[in-house]
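Undergrad: Below you'll find protein24.txt; it's compact mmCIF, C-alpha atoms.
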```
# COMPACT_ATOMS: atom_id res chain seq x y z
CA MET T 1 0.00 0.00 0.00
CA THR T 2 1.44 3.36 -0.97
CA GLN T 3 1.33 6.27 1.46
CA GLN T 4 -1.07 8.32 -0.66
CA THR T 5 -3.48 5.58 -1.71
CA PHE T 6 -6.62 7.13 -0.27
CA LYS T 7 -5.93 10.77 -1.01
CA SER T 8 -4.79 10.25 -4.59
CA ALA T 9 -7.79 8.01 -5.29
CA GLN T 10 -10.09 10.66 -3.84
CA ARG T 11 -8.43 13.38 -5.93
CA ARG T 12 -8.82 11.34 -9.13
CA TYR T 13 -12.44 10.64 -8.24
CA HIS T 14 -13.40 14.28 -7.65
CA ARG T 15 -11.45 15.43 -10.73
CA LEU T 16 -13.79 13.35 -12.92
CA PHE T 17 -17.00 13.12 -10.90
CA TRP T 18 -17.96 16.82 -10.86
CA PRO T 19 -17.18 17.55 -14.53
CA LEU T 20 -19.26 14.49 -15.47
CA MET T 21 -22.17 15.74 -13.35
CA PHE T 22 -21.85 19.13 -15.05
CA LEU T 23 -21.77 17.46 -18.47
CA TYR T 24 -24.86 15.41 -17.56
CA THR T 25 -26.77 18.56 -16.57
CA VAL T 26 -25.73 20.32 -19.77
CA MET T 27 -26.72 17.33 -21.94
CA VAL T 28 -30.15 17.02 -20.29
CA LEU T 29 -30.82 20.75 -20.72
CA LEU T 30 -29.51 20.83 -24.31
CA GLY T 31 -31.36 17.60 -25.12
CA SER T 32 -34.68 18.93 -23.85
CA PHE T 33 -34.11 22.15 -25.77
CA GLY T 34 -33.13 20.23 -28.93
CA LEU T 35 -36.26 18.09 -28.81
CA ASP T 36 -38.41 21.19 -28.35
CA VAL T 37 -36.88 22.83 -31.45
CA PHE T 38 -37.48 19.91 -33.80
CA ASP T 39 -41.09 19.23 -34.68
CA PRO T 40 -41.69 16.51 -35.70
CA GLN T 41 -38.81 14.96 -33.79
CA PRO T 42 -36.79 12.53 -35.92
CA THR T 43 -36.17 9.18 -34.19
CA TRP T 44 -32.42 9.35 -34.83
CA LEU T 45 -32.26 12.64 -32.91
CA GLN T 46 -34.14 11.14 -29.97
CA VAL T 47 -31.68 8.23 -29.93
CA VAL T 48 -28.64 10.51 -30.13
CA ILE T 49 -29.92 12.76 -27.32
CA ALA T 50 -30.84 9.78 -25.13
CA LEU T 51 -27.36 8.27 -25.59
CA ALA T 52 -25.69 11.66 -24.99
CA CYS T 53 -27.57 11.99 -21.68
CA THR T 54 -26.79 8.41 -20.66
CA ALA T 55 -23.06 8.51 -21.47
CA PRO T 56 -22.07 10.78 -18.53
CA VAL T 57 -24.09 8.59 -16.14
CA ILE T 58 -22.32 5.43 -17.34
CA ALA T 59 -18.97 7.22 -17.10
CA THR T 60 -19.83 8.31 -13.54
CA LEU T 61 -20.63 4.73 -12.54
CA LEU T 62 -17.27 3.61 -13.98
CA VAL T 63 -15.51 6.41 -12.07
CA MET T 64 -17.24 5.25 -8.87
CA MET T 65 -16.10 1.68 -9.53
CA ARG T 66 -12.51 2.83 -10.13
CA TYR T 67 -12.59 4.81 -6.89
CA THR T 68 -13.83 1.71 -5.09
CA GLU T 69 -10.91 -0.30 -6.47
CA GLU T 70 -8.25 2.36 -5.78
CA THR T 71 -9.30 3.64 -2.37
CA ASP T 72 -8.33 2.25 1.05
CA GLU T 73 -9.81 -0.97 2.38
CA TYR T 74 -12.32 0.53 4.82
CA THR T 75 -13.77 2.95 2.25
CA ARG T 76 -13.88 0.06 -0.24
CA MET T 77 -15.89 -2.00 2.24
CA VAL T 78 -18.32 0.90 2.80
CA GLN T 79 -18.63 1.52 -0.96
CA LEU T 80 -19.23 -2.14 -1.84
CA ARG T 81 -21.84 -2.59 0.88
CA SER T 82 -23.55 0.61 -0.26
CA PHE T 83 -23.57 -0.60 -3.88
CA ALA T 84 -25.01 -3.90 -2.69
CA TRP T 85 -27.78 -2.26 -0.64
CA GLY T 86 -28.51 0.13 -3.51
CA ALA T 87 -28.87 -2.86 -5.85
CA VAL T 88 -31.05 -4.79 -3.36
CA PHE T 89 -33.38 -1.83 -2.92
CA THR T 90 -33.57 -0.99 -6.65
CA VAL T 91 -34.08 -4.57 -7.87
CA SER T 92 -36.69 -5.14 -5.15
CA ALA T 93 -38.51 -1.99 -6.27
CA LEU T 94 -38.25 -3.09 -9.93
CA PHE T 95 -39.78 -6.51 -9.22
CA THR T 96 -42.50 -5.07 -7.00
CA VAL T 97 -43.53 -2.40 -9.49
CA GLY T 98 -43.15 -4.91 -12.35
CA PHE T 99 -45.59 -7.37 -10.81
CA LEU T 100 -48.00 -4.61 -9.81
CA GLN T 101 -48.01 -3.45 -13.45
CA LEU T 102 -48.30 -7.01 -14.76
CA PHE T 103 -51.37 -7.64 -12.61
CA GLY T 104 -52.90 -4.31 -13.56
CA VAL T 105 -52.76 -2.81 -10.08
CA VAL T 106 -50.78 0.27 -11.10
CA ASP T 107 -50.44 2.15 -14.36
CA ARG T 108 -47.21 2.58 -16.29
CA ILE T 109 -44.29 3.94 -14.26
CA ASP T 110 -41.31 5.25 -16.22
CA VAL T 111 -38.29 2.95 -15.93
CA PHE T 112 -36.15 6.09 -15.90
CA TRP T 113 -36.92 6.68 -12.22
CA PHE T 114 -35.19 3.50 -11.08
CA GLY T 115 -31.83 5.11 -11.89
CA PRO T 116 -32.29 7.95 -9.39
CA VAL T 117 -33.75 5.41 -6.93
CA PHE T 118 -30.48 3.43 -7.11
CA PHE T 119 -28.34 6.52 -6.53
CA LEU T 120 -30.58 7.58 -3.63
CA ALA T 121 -30.42 4.12 -2.03
CA TYR T 122 -26.64 4.03 -2.56
CA GLY T 123 -26.22 7.48 -0.97
CA VAL T 124 -28.39 6.68 2.04
CA SER T 125 -26.58 3.34 2.52
CA THR T 126 -23.17 5.04 2.40
CA HIS T 127 -24.37 7.45 5.07
CA LEU T 128 -25.76 4.69 7.29
CA ILE T 129 -22.84 2.27 6.91
CA GLY T 130 -19.91 4.68 6.96
CA GLY T 131 -21.41 7.54 8.92
CA LYS T 132 -21.77 11.02 7.54
CA GLN T 133 -17.99 11.28 7.07
CA CYS T 134 -18.07 8.71 4.25
CA SER T 135 -21.07 10.07 2.37
CA MET M 136 -11.32 -6.56 17.86
CA LYS M 137 -10.03 -4.35 20.68
CA ASN M 138 -6.83 -2.40 20.14
CA ILE M 139 -4.66 0.27 21.75
CA ILE M 140 -4.19 2.45 18.71
CA ARG M 141 -5.91 5.44 20.29
CA ALA M 142 -3.54 5.28 23.28
CA LEU M 143 -0.44 4.82 21.08
CA ARG M 144 -1.55 7.72 18.91
CA ALA M 145 -2.16 9.92 21.96
CA GLU M 146 1.32 9.08 23.32
CA ARG M 147 2.84 10.46 20.15
CA GLY M 148 0.47 13.41 19.94
CA TRP M 149 -0.82 12.38 16.53
CA SER M 150 -4.30 13.20 15.31
CA GLN M 151 -6.37 10.57 13.50
CA ALA M 152 -5.74 12.47 10.27
CA ALA M 153 -1.97 12.46 10.84
CA LEU M 154 -1.95 8.72 11.47
CA ALA M 155 -4.20 8.15 8.45
CA ASP M 156 -1.79 10.14 6.26
CA GLN M 157 1.15 8.05 7.40
CA LEU M 158 -0.70 4.82 6.65
CA GLY M 159 -2.21 6.02 3.36
CA VAL M 160 -5.79 5.45 4.51
CA SER M 161 -8.73 7.71 5.28
CA ARG M 162 -9.30 9.30 8.70
CA GLN M 163 -12.60 7.41 8.79
CA SER M 164 -10.64 4.15 8.56
CA ILE M 165 -8.61 5.03 11.65
CA ASN M 166 -11.75 6.04 13.51
CA ALA M 167 -13.50 2.78 12.55
CA ILE M 168 -10.49 0.69 13.62
CA GLU M 169 -10.06 2.54 16.92
CA THR M 170 -13.71 2.14 17.83
CA GLY M 171 -13.69 -1.54 16.89
CA LYS M 172 -16.20 -1.07 14.06
CA TYR M 173 -13.72 -2.40 11.53
CA ASP M 174 -10.91 -4.96 11.75
CA PRO M 175 -7.98 -4.05 9.48
CA SER M 176 -6.56 -6.47 6.93
CA LEU M 177 -3.30 -8.24 7.74
CA PRO M 178 -1.17 -5.89 5.55
CA LEU M 179 -2.69 -2.82 7.24
CA ALA M 180 -2.26 -4.38 10.69
CA PHE M 181 1.43 -4.97 9.85
CA SER M 182 1.78 -1.36 8.65
CA ILE M 183 0.27 -0.12 11.93
CA ALA M 184 2.55 -2.37 13.96
CA ARG M 185 5.64 -1.23 12.04
CA LEU M 186 4.69 2.42 12.47
CA PHE M 187 4.32 2.08 16.24
CA GLU M 188 7.35 -0.28 16.43
CA LYS M 189 5.36 -2.97 18.17
CA SER M 190 4.11 -6.44 17.30
CA ILE M 191 0.57 -6.99 16.05
CA GLU M 192 -0.28 -8.90 19.24
CA GLU M 193 0.79 -5.95 21.37
CA ILE M 194 -1.60 -3.65 19.53
CA PHE M 195 -4.57 -5.90 18.78
CA ASP M 196 -6.32 -7.99 21.40
CA ASP M 197 -7.74 -11.20 19.96
CA GLU M 198 -8.94 -12.52 23.34
CA THR M 199 -12.52 -12.76 22.12
CA ASP M 200 -11.45 -14.87 19.14
CA VAL M 201 -9.34 -17.13 21.34
CA GLN M 202 -12.29 -17.66 23.70
CA LEU M 203 -14.55 -18.47 20.76
CA ALA M 204 -12.03 -20.96 19.37
CA ALA M 205 -11.75 -22.66 22.75
CA GLN M 206 -15.51 -23.18 23.04
```
Translate the structure of the given file into structure tokens.

TA:
Amino acid sequence: MTQQTFKSAQRRYHRLFWPLMFLYTVMVLLGSFGLDVFDPQPTWLQVVIALACTAPVIATLLVMMRYTEETDEYTRMVQLRSFAWGAVFTVSALFTVGFLQLFGVVDRIDVFWFGPVFFLAYGVSTHLIGGKQCS
Amino acid sequence: MKNIIRALRAERGWSQAALADQLGVSRQSINAIETGKYDPSLPLAFSIARLFEKSIEEIFDDETDVQLAAQ
């Protein structure tokens, strides 16, 4: 273990995480604006905008995974448990809502919202497992 | 697992952050180890022992584990 393992991993993480969040915000705003301008909206444009909005999210998840691999062992344990609890909560919600839809109990719920649900569950888990210092 | 890291750190006048810096881990890691919330890996335990110039057994108390093994 090098002396600067944790700090350098944290620096690398923040150096990419915040620009990616900024890029995501810009893409969502530009995408919404772009779709408003085009009428009728060509399918290819919808696909391009959807992928452009998704790319920063995927990159953020990869950055989070790299941070988990590079950071110190305690933070890694907190991160992995938080990912696991986030996945448990999100997949449980997916199955529950899925069956409720299948049996006609609830109307259509946009799949999009399960992404934010995962990040919320992950954030809350990090706070509960590692204390507020880790979140 | 109980340990005497807090006492050893206090003897040297080091903060948790200072110890964390020397070990290359987060301050939260030191806090979790000191309070017994987290048991360090063997490499980290060796690093801690080397830093305080003591053996692992002098720093970490595995009495609970020994009692469990005996049962």

Undergrad: How many Å lie between atom CA of T:Phe95 and atom CA of T:Ala55, rounded to one decimal?

TA: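 Rounded to one decimal, the two atoms are 25.6 Å apart.
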
Undergrad: Compile a residue-level contact table for chain M against chain T at a cut-off of 10 Å, reporting for every qualifying residue the shortest atom pair and its distance in Å to one decimal, with all atoms listed in the file counted, rows ordered by chain and ascending number, as CSV.

TA:
```
residue,atom,partner,partner_atom,distance
M:Ala155,CA,T:Phe6,CA,9.1
M:Asp156,CA,T:Gln3,CA,6.9
M:Gln157,CA,T:Gln3,CA,6.2
M:Leu158,CA,T:Gln3,CA,5.8
M:Gly159,CA,T:Gln3,CA,4.0
M:Val160,CA,T:Phe6,CA,5.1
M:Ser161,CA,T:Phe6,CA,6.0
M:Arg162,CA,T:Gln133,CA,9.1
M:Gln163,CA,T:Gln133,CA,6.9
M:Ser164,CA,T:Tyr74,CA,5.5
M:Ile165,CA,T:Tyr74,CA,9.0
M:Ala167,CA,T:Tyr74,CA,8.1
M:Ile168,CA,T:Tyr74,CA,9.0
M:Lys172,CA,T:Gly130,CA,9.9
M:Tyr173,CA,T:Tyr74,CA,7.5
M:Asp174,CA,T:Tyr74,CA,9.0
M:Pro175,CA,T:Tyr74,CA,7.8
M:Ser176,CA,T:Glu73,CA,7.8
M:Pro178,CA,T:Met1,CA,8.2
M:Leu179,CA,T:Met1,CA,8.2
M:Ser182,CA,T:Met1,CA,8.9
```

Undergrad: Would you please work out which residue, of T:Val78, T:Ile58, T:Phe17, T:Phe103, is nearest to T:Thr126 when using all atoms listed in the file?

TA: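 Smallest distance to T:Thr126 is found for T:Val78.
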
Undergrad: Would you compute the distance between atom CA of T:Leu62 and atom CA of T:Ala93? Give it in Å to one decimal.

TA: 23.3 Å

Undergrad: If we count only C-alpha atoms and set the cut-off at 12 Å, which residues sit around stretch 20-34 of chain T, ignoring sequence neighbours fewer than 4 positions away in its own chain? Please answer as a count of residues only.

TA: 29

Undergrad: Quick one: residues within 10 Å of T:Leu80, all atoms listed in the file, excluding same-chain residues fewer than 6 positions away - as a PyMOL selection string?

TA: chain T and resi 65+68-69+74+86+122+126

Undergrad: Quick one: everything within 10 Å of M:Lys137, counting only C-alpha atoms, minus sequence neighbours fewer than 4 positions away in the same chain. Send it as a short mmCIF file (atom, residue, chain, number, x, y, z; two decimals) with C-alpha atoms, in the coordinates of the input.

TA:
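As a result, selection-v9.cif now contains:
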```
data_model
loop_
_atom_site.label_atom_id
_atom_site.label_comp_id
_atom_site.auth_asym_id
_atom_site.auth_seq_id
_atom_site.Cartn_x
_atom_site.Cartn_y
_atom_site.Cartn_z
CA ILE M 168 -10.49 0.69 13.62
CA GLU M 169 -10.06 2.54 16.92
CA THR M 170 -13.71 2.14 17.83
CA GLY M 171 -13.69 -1.54 16.89
CA LYS M 172 -16.20 -1.07 14.06
CA ASP M 174 -10.91 -4.96 11.75
CA ILE M 194 -1.60 -3.65 19.53
CA PHE M 195 -4.57 -5.90 18.78
CA ASP M 196 -6.32 -7.99 21.40
CA ASP M 197 -7.74 -11.20 19.96
CA GLU M 198 -8.94 -12.52 23.34
CA THR M 199 -12.52 -12.76 22.12
#
```

Undergrad: Excluding T:Ser125 and its own-chain neighbours fewer than 3 positions away, which residues fall within 9 Å of it when counting all atoms listed in the file? Please give them as a list in words.

TA: Val78, Gln79, Arg81, Ser82, Phe83, Trp85, Gly86, Leu120, Ala121, Tyr122, Leu128, Ile129, Gly130 and Ser135 of chain T

Undergrad: Could you check how far atom CA of M:Glu192 sits from atom CA of M:Gln151, in Å to one decimal?

TA: 21.2 Å

Undergrad: Considering all atoms listed in the file, return as JSON, numbers by chain whatever protein or nucleic-acid residues lie within 8 Å of T:Val106, sequence-local ones (same chain, fewer than 3 positions apart) excluded.

TA: {"T": [97, 100, 101]}
